[in-house]
Number of protein chains: 2
Amino acid sequence: MKQKITIKTIAKELGVSTSTVSKALKDSHEISKETKERIQAYADYYNYKPNSLALQLRNQKTKVIGVILPKIVHHFFSTVIMGVEEGANEKGYHIMVCFSNESYKKEVETLKVLSNGSVDGLIVSIASGTLENKDFKHFGDLVAEEIPLVLIDRVVDEILCDKVVVDDVGAGYKATKHLLENGRKKIALLTTPKHVNVGALRRQGYEKALIEAYIKTDPNLIAEIDEEANISDQIEKVFEQDIDAVFAVNEIYAAKAMRAAKQKGHKIPEDFSIIGFTDGLISRYSSPSITTIAQHGFVMGKQAVELLIERIEKESEIYKPKKIVISSDLKLRESTKPSS
Amino acid sequence: MKQKITIKTIAKELGVSTSTVSKALKDSHEISKETKERIQAYADYYNYKPNSLALQLRNQKTKVIGVILPKIVHHFFSTVIMGVEEGANEKGYHIMVCFSNESYKKEVETLKVLSNGSVDGLIVSIASGTLENKDFKHFGDLVAEEIPLVLIDRVVDEILCDKVVVDDVGAGYKATKHLLENGRKKIALLTTPKHVNVGALRRQGYEKALIEAYIKTDPNLIAEIDEEANISDQIEKVFEQDIDAVFAVNEIYAAKAMRAAKQKGHKIPEDFSIIGFTDGLISRYSSPSITTIAQHGFVMGKQAVELLIERIEKESEIYKPKKIVISSDLKLRESTKPSS
DNA sequence: CTGTTAGCGCGTTCAC
DNA sequence: GTGAACGCGCTAACAG
């Protein structure tokens, strides 16, 4: 890279001291109008930009927020990133994005690297690998170092920090209730393995709605999809049961369920209903389009980053972890009948 | 944030000099085994991490790559980010992600901020706003400052730097040819306004294939979709013409076209064919699933970052801009008939 | 083997 | 009104 122009070079070139330059560039009243103009003109001409690294080192803050997500090719997380980025920008921050790829190991490494001073704070959604082995020590270390941290969506209580989550139980409840209102009785649930707690919470909502309708939950209708194995096969297996509706905890499962339902000859939504999760492109553009729970990833991202920046900038205050719950909406589309 | 432990504190605590600590931590042979152990033990115990900011300032490199994309809630760009991130990680780099939101103004600002020393190089896909007003001065400045830059997907020749693109002309050609082989004669093209050059290139391929088949291109069958207006309306308008196939330059247009085609009562793929662009979730999960051009965003991202890092690390060499063309594949699905 | 010095680029304090 | 000195955290060159 080309030699960058610094305060020092300007000072030498103009025969003044570096501090004079520094002050002049900040339009300080300590400097005579004359020299200020000279210096500013020179800086302008040579396109001087203060070196942010030096500033960061001096100020002990980077104005950068680290973001660690399990994956990105996923509508929900994409929108979260958008929200975080927008919120960060508004406050003069930038974001550094990393992915754990659902791996515990990579999450630990990334967390370690980012906490070496390159970011002022972190926003993390926990990898499923970590949720599975339940080892949260790396987060504990972070908290001990008092590095501001906000957990989003996939959170665990053990970690003492701010959190932003969707109302997963409520969402599961709303979705299931809507299916019941469609007159469905045999509602299959396509969910994640238990350790992914959002799946577990949505399931709670599902069960709650069934109980209220005096329907016994049938374990055979609940499939905990193992993403390591063939997903379609697992879903098709569910369709071997006698079912009249599906509630899927993400949009891919919902889309696959729709395919399976069509193949079985079910008419949607006349005699079969489907609800998904994540208001992404698939739900919107499949046909019939899929009724879904909108998670509002953008809002979550934005709230998370606002919370984080507040924490960063008001470090004096006593630390009382906050938890923000974003309520989710049912977005009615063609895969279910309108509620009466 | 809690007071961080530094080399200095260790030095003071252990009654040695900072340079001794520095060397000891690097396991230098200059230091006696005894002191090394003492120091390392202490550092370990207090979980010492070298401050990356200081290192960056000293080494004049950040090991960070800036990435500026027009948007993210888009399968192609998501996969690009994945590729960039993975490639960067492999070489010990991190990525700082920003979005121009297709806006010229934001692109200029972001470019300026990131080029103040916070990144070692940049990967950019140009905002459509910039392509429209054709003002590339901000990129010129970057090149003049000799900040390594790689342009991907949306590139322009005026900017002298490395580039990674897909073979858009070839892709348009392949897609159109496949439709012709399906026996289609009246192929509509749903593309972007002309200033988005990838759209223009794909159109060239489309026209080339038609010419080879001795079919005159009919301007009425070509719709340059204006994203500011209602997209569906514009697409439905195309269907007022007598057409038997659609080639769409992205998957959203393809999905919308599919809806419109179904409404018109066309049977897909028996008497109507559709091809999209971007092998994303919509194409995969809609029904019928959509034959599409796979752009290989992951590969592009990875190639781009490898090119960039090479440029960063071998700055001595003479600068000869490279252009890598990634060939695209036609991914056959249900919305077209198999080629005979 | 260990310590001193200097410098990365900047801003601030305190003399002059 | 201007400049010298210092420090942010670290390391390389040089001294001892």
# chains A, B, ... in the order shown; residues from 1 in each chain; ligands from 1
call {"tool": "select_by_dssp", "arguments": {"residues": "region 149-296 of chain B", "states": "alpha helix (DSSP H)", "output": "number ranges by chain"}}
result
B: 168-181, 197-212, 231-238, 251-263, 281-285
call {"tool": "select_by_dssp", "arguments": {"residues": "region 52-221 of chain A", "states": "strand (DSSP E)", "output": "PyMOL selection string"}}
result
chain A and resi 64-69+94-99+121-124+149-152+162-166+187-191
call {"tool": "residues_around", "arguments": {"residues": "DG9 (chain D)", "least_positions_apart": "5", "cutoff": "9 Å", "atoms": "only C-alpha atoms (C1' of nucleotides)", "output": "JSON list (two decimals) with N, CA, C and O atoms, in the first residue's frame"}}
result
[["chain", "number", "residue", "atom", "x", "y", "z"],
["A", 57, "LEU", "N", -6.56, 3.01, 19.42],
["A", 57, "LEU", "CA", -5.61, 2.65, 20.47],
["A", 57, "LEU", "C", -5.63, 3.72, 21.56],
["A", 57, "LEU", "O", -5.63, 3.45, 22.75],
["B", 6, "THR", "N", -2.06, -5.96, 30.66],
["B", 6, "THR", "CA", -1.15, -5.70, 29.54],
["B", 6, "THR", "C", 0.25, -6.20, 29.89],
["B", 6, "THR", "O", 0.53, -6.60, 31.01],
["B", 7, "ILE", "N", 1.08, -6.12, 28.91],
["B", 7, "ILE", "CA", 2.47, -6.51, 29.10],
["B", 7, "ILE", "C", 3.10, -5.68, 30.21],
["B", 7, "ILE", "O", 3.91, -6.17, 30.99],
["B", 8, "LYS", "N", 2.69, -4.46, 30.25],
["B", 8, "LYS", "CA", 3.26, -3.55, 31.24],
["B", 8, "LYS", "C", 2.91, -3.98, 32.66],
["B", 8, "LYS", "O", 3.78, -4.00, 33.53],
["B", 50, "PRO", "N", -2.82, -10.41, 24.03],
["B", 50, "PRO", "CA", -2.20, -9.22, 23.44],
["B", 50, "PRO", "C", -3.26, -8.32, 22.82],
["B", 50, "PRO", "O", -4.20, -8.82, 22.18],
["B", 51, "ASN", "N", -3.13, -7.07, 23.00],
["B", 51, "ASN", "CA", -4.08, -6.12, 22.44],
["B", 51, "ASN", "C", -3.90, -6.01, 20.93],
["B", 51, "ASN", "O", -2.87, -5.56, 20.45],
["B", 52, "SER", "N", -4.92, -6.43, 20.24],
["B", 52, "SER", "CA", -4.76, -6.49, 18.79],
["B", 52, "SER", "C", -4.61, -5.09, 18.17],
["B", 52, "SER", "O", -3.96, -4.92, 17.15],
["B", 53, "LEU", "N", -5.22, -4.12, 18.80],
["B", 53, "LEU", "CA", -5.11, -2.76, 18.27],
["B", 53, "LEU", "C", -3.65, -2.31, 18.21],
["B", 53, "LEU", "O", -3.18, -1.78, 17.20],
["B", 54, "ALA", "N", -2.97, -2.52, 19.31],
["B", 54, "ALA", "CA", -1.57, -2.12, 19.37],
["B", 54, "ALA", "C", -0.76, -2.84, 18.30],
["B", 54, "ALA", "O", 0.09, -2.25, 17.62],
["B", 55, "LEU", "N", -1.05, -4.12, 18.15],
["B", 55, "LEU", "CA", -0.35, -4.90, 17.13],
["B", 55, "LEU", "C", -0.63, -4.37, 15.75],
["B", 55, "LEU", "O", 0.26, -4.24, 14.91]]
call {"tool": "interface_residues", "arguments": {"of": "chain B", "to": "chain C", "cutoff": "10 Å", "atoms": "only C-alpha atoms (C1' of nucleotides)", "output": "compact mmCIF listing (two decimals) with N, CA, C and O atoms, in the first residue's frame"}}
result
# COMPACT_ATOMS: atom_id res chain seq x y z
N VAL B 16 10.19 -7.19 35.99
CA VAL B 16 11.08 -7.27 34.82
C VAL B 16 10.67 -6.16 33.84
O VAL B 16 9.75 -5.40 34.11
N SER B 17 11.34 -6.11 32.72
CA SER B 17 11.00 -5.08 31.75
C SER B 17 9.95 -5.59 30.77
O SER B 17 9.76 -6.80 30.62
N THR B 18 9.31 -4.65 30.13
CA THR B 18 8.25 -5.05 29.21
C THR B 18 8.78 -5.90 28.05
O THR B 18 8.13 -6.83 27.61
N SER B 19 9.95 -5.55 27.59
CA SER B 19 10.46 -6.31 26.45
C SER B 19 10.78 -7.75 26.86
O SER B 19 10.61 -8.67 26.07
N THR B 20 11.20 -7.91 28.09
CA THR B 20 11.43 -9.27 28.57
C THR B 20 10.12 -10.05 28.52
O THR B 20 10.07 -11.20 28.04
N HIS B 29 14.33 -17.54 22.57
CA HIS B 29 15.49 -18.23 23.16
C HIS B 29 16.38 -17.27 23.92
O HIS B 29 17.30 -17.66 24.61
N GLU B 30 16.10 -15.98 23.76
CA GLU B 30 16.92 -14.99 24.45
C GLU B 30 16.66 -14.99 25.96
O GLU B 30 17.42 -14.42 26.72
N ILE B 31 15.53 -15.57 26.35
CA ILE B 31 15.13 -15.48 27.75
C ILE B 31 15.38 -16.82 28.46
O ILE B 31 15.16 -17.88 27.88
N SER B 32 15.79 -16.71 29.70
CA SER B 32 16.07 -17.94 30.46
C SER B 32 14.78 -18.71 30.69
O SER B 32 13.71 -18.12 30.85
N THR B 35 12.70 -17.55 33.87
CA THR B 35 11.84 -16.36 33.77
C THR B 35 10.70 -16.58 32.79
O THR B 35 9.59 -16.11 32.99
N ALA B 54 -2.97 -2.52 19.31
CA ALA B 54 -1.57 -2.12 19.37
C ALA B 54 -0.76 -2.84 18.30
O ALA B 54 0.09 -2.25 17.62
N LEU B 55 -1.05 -4.12 18.15
CA LEU B 55 -0.35 -4.90 17.13
C LEU B 55 -0.63 -4.37 15.75
O LEU B 55 0.26 -4.24 14.91
N GLN B 56 -1.89 -4.06 15.53
CA GLN B 56 -2.27 -3.57 14.21
C GLN B 56 -1.55 -2.26 13.91
O GLN B 56 -1.02 -2.06 12.82
N LEU B 57 -1.51 -1.41 14.90
CA LEU B 57 -0.86 -0.11 14.69
C LEU B 57 0.63 -0.32 14.40
O LEU B 57 1.20 0.29 13.51
N ARG B 58 1.20 -1.20 15.15
CA ARG B 58 2.62 -1.45 14.99
C ARG B 58 2.93 -2.09 13.64
O ARG B 58 3.82 -1.67 12.93
N ASN B 59 2.17 -3.09 13.30
CA ASN B 59 2.44 -3.83 12.07
C ASN B 59 1.86 -3.15 10.83
O ASN B 59 2.06 -3.62 9.72
N GLN B 60 1.10 -2.14 11.05
CA GLN B 60 0.47 -1.46 9.92
C GLN B 60 -0.39 -2.40 9.10
O GLN B 60 -0.47 -2.28 7.88
call {"tool": "interface_residues", "arguments": {"of": "chain B", "to": "chain A", "cutoff": "7 Å", "atoms": "only C-alpha atoms", "output": "PyMOL selection string"}}
result
chain B and resi 1-2+49-54+57+72-73+75+78-79+95-97+116-118+145-147+255+281-282+285-287+315
call {"tool": "atom_distance", "arguments": {"atom1": "CA of Ile68 (chain A)", "atom2": "CA of Gly92 (chain A)"}}
result
19.6 Å
call {"tool": "interface_residues", "arguments": {"of": "chain D", "to": "chain A", "cutoff": "12 Å", "atoms": "only C-alpha atoms (C1' of nucleotides)", "output": "VMD selection string"}}
result
chain D and resid 1 to 5 7 to 10
call {"tool": "write_last_selection", "arguments": {"atoms": "N, CA and C atoms (P, O5', C5', C4', C3', O3' and C1' of nucleotides)", "output": "PDB file, in the first residue's frame"}}
result
ATOM      1  P    DG D   1      -4.326  33.874  19.323  1.00  0.00           P
ATOM      2  O5'  DG D   1      -3.085  32.996  18.835  1.00  0.00           O
ATOM      3  C5'  DG D   1      -2.327  33.463  17.784  1.00  0.00           C
ATOM      4  C4'  DG D   1      -1.060  32.672  17.748  1.00  0.00           C
ATOM      5  C3'  DG D   1      -1.190  31.313  17.071  1.00  0.00           C
ATOM      6  O3'  DG D   1      -0.047  31.154  16.244  1.00  0.00           O
ATOM      7  C1'  DG D   1      -0.289  31.022  19.249  1.00  0.00           C
ATOM      8  P    DT D   2       0.125  29.929  15.350  1.00  0.00           P
ATOM      9  O5'  DT D   2       1.100  29.021  16.196  1.00  0.00           O
ATOM     10  C5'  DT D   2       2.472  29.444  16.325  1.00  0.00           C
ATOM     11  C4'  DT D   2       3.194  28.510  17.256  1.00  0.00           C
ATOM     12  C3'  DT D   2       3.298  27.062  16.783  1.00  0.00           C
ATOM     13  O3'  DT D   2       4.659  26.854  16.417  1.00  0.00           O
ATOM     14  C1'  DT D   2       2.891  27.223  19.123  1.00  0.00           C
ATOM     15  P    DG D   3       5.082  25.426  15.848  1.00  0.00           P
ATOM     16  O5'  DG D   3       5.635  24.719  17.158  1.00  0.00           O
ATOM     17  C5'  DG D   3       6.691  25.340  17.867  1.00  0.00           C
ATOM     18  C4'  DG D   3       7.044  24.507  19.073  1.00  0.00           C
ATOM     19  C3'  DG D   3       7.277  23.020  18.764  1.00  0.00           C
ATOM     20  O3'  DG D   3       8.348  22.572  19.571  1.00  0.00           O
ATOM     21  C1'  DG D   3       5.624  23.218  20.420  1.00  0.00           C
ATOM     22  P    DA D   4       9.237  21.395  19.158  1.00  0.00           P
ATOM     23  O5'  DA D   4       9.767  20.890  20.567  1.00  0.00           O
ATOM     24  C5'  DA D   4       9.709  21.745  21.716  1.00  0.00           C
ATOM     25  C4'  DA D   4       9.553  20.894  22.973  1.00  0.00           C
ATOM     26  C3'  DA D   4      10.014  19.439  22.827  1.00  0.00           C
ATOM     27  O3'  DA D   4      10.613  19.073  24.062  1.00  0.00           O
ATOM     28  C1'  DA D   4       7.705  19.485  23.350  1.00  0.00           C
ATOM     29  P    DA D   5      11.128  17.622  24.350  1.00  0.00           P
ATOM     30  O5'  DA D   5       9.887  17.012  25.140  1.00  0.00           O
ATOM     31  C5'  DA D   5       9.313  17.750  26.217  1.00  0.00           C
ATOM     32  C4'  DA D   5       8.319  16.842  26.951  1.00  0.00           C
ATOM     33  C3'  DA D   5       8.700  15.359  26.933  1.00  0.00           C
ATOM     34  O3'  DA D   5       8.303  14.809  28.173  1.00  0.00           O
ATOM     35  C1'  DA D   5       6.602  15.632  25.904  1.00  0.00           C
ATOM     36  P    DG D   7       4.244   9.001  30.381  1.00  0.00           P
ATOM     37  O5'  DG D   7       2.936   8.261  29.895  1.00  0.00           O
ATOM     38  C5'  DG D   7       1.673   8.916  29.934  1.00  0.00           C
ATOM     39  C4'  DG D   7       0.742   8.240  28.954  1.00  0.00           C
ATOM     40  C3'  DG D   7       0.995   6.730  28.824  1.00  0.00           C
ATOM     41  O3'  DG D   7      -0.234   6.038  28.959  1.00  0.00           O
ATOM     42  C1'  DG D   7       1.004   7.751  26.692  1.00  0.00           C
ATOM     43  P    DC D   8      -0.186   4.461  29.274  1.00  0.00           P
ATOM     44  O5'  DC D   8      -1.212   3.868  28.237  1.00  0.00           O
ATOM     45  C5'  DC D   8      -2.491   4.429  27.979  1.00  0.00           C
ATOM     46  C4'  DC D   8      -2.927   3.968  26.607  1.00  0.00           C
ATOM     47  C3'  DC D   8      -2.392   2.598  26.240  1.00  0.00           C
ATOM     48  O3'  DC D   8      -3.356   1.616  26.611  1.00  0.00           O
ATOM     49  C1'  DC D   8      -2.202   4.168  24.411  1.00  0.00           C
ATOM     50  P    DG D   9      -2.977   0.423  27.550  1.00  0.00           P
ATOM     51  O5'  DG D   9      -2.177  -0.536  26.573  1.00  0.00           O
ATOM     52  C5'  DG D   9      -2.875  -1.239  25.556  1.00  0.00           C
ATOM     53  C4'  DG D   9      -1.873  -1.965  24.693  1.00  0.00           C
ATOM     54  C3'  DG D   9      -0.930  -2.882  25.472  1.00  0.00           C
ATOM     55  O3'  DG D   9      -1.051  -4.176  24.915  1.00  0.00           O
ATOM     56  C1'  DG D   9       0.279  -1.482  23.980  1.00  0.00           C
ATOM     57  P    DC D  10      -0.053  -5.344  25.247  1.00  0.00           P
ATOM     58  O5'  DC D  10       1.017  -5.180  24.091  1.00  0.00           O
ATOM     59  C5'  DC D  10       0.607  -5.415  22.747  1.00  0.00           C
ATOM     60  C4'  DC D  10       1.749  -5.094  21.815  1.00  0.00           C
ATOM     61  C3'  DC D  10       2.994  -5.949  22.032  1.00  0.00           C
ATOM     62  O3'  DC D  10       3.040  -6.941  21.036  1.00  0.00           O
ATOM     63  C1'  DC D  10       3.506  -3.650  21.615  1.00  0.00           C
TER      64       DC D  10
END
call {"tool": "residues_around", "arguments": {"residues": "Asp242 (chain A)", "least_positions_apart": "4", "cutoff": "12 Å", "atoms": "only C-alpha atoms (C1' of nucleotides)", "output": "number ranges by chain"}}
result
A: 184-188, 218, 220-221, 237-238, 246, 261, 264, 266, 272
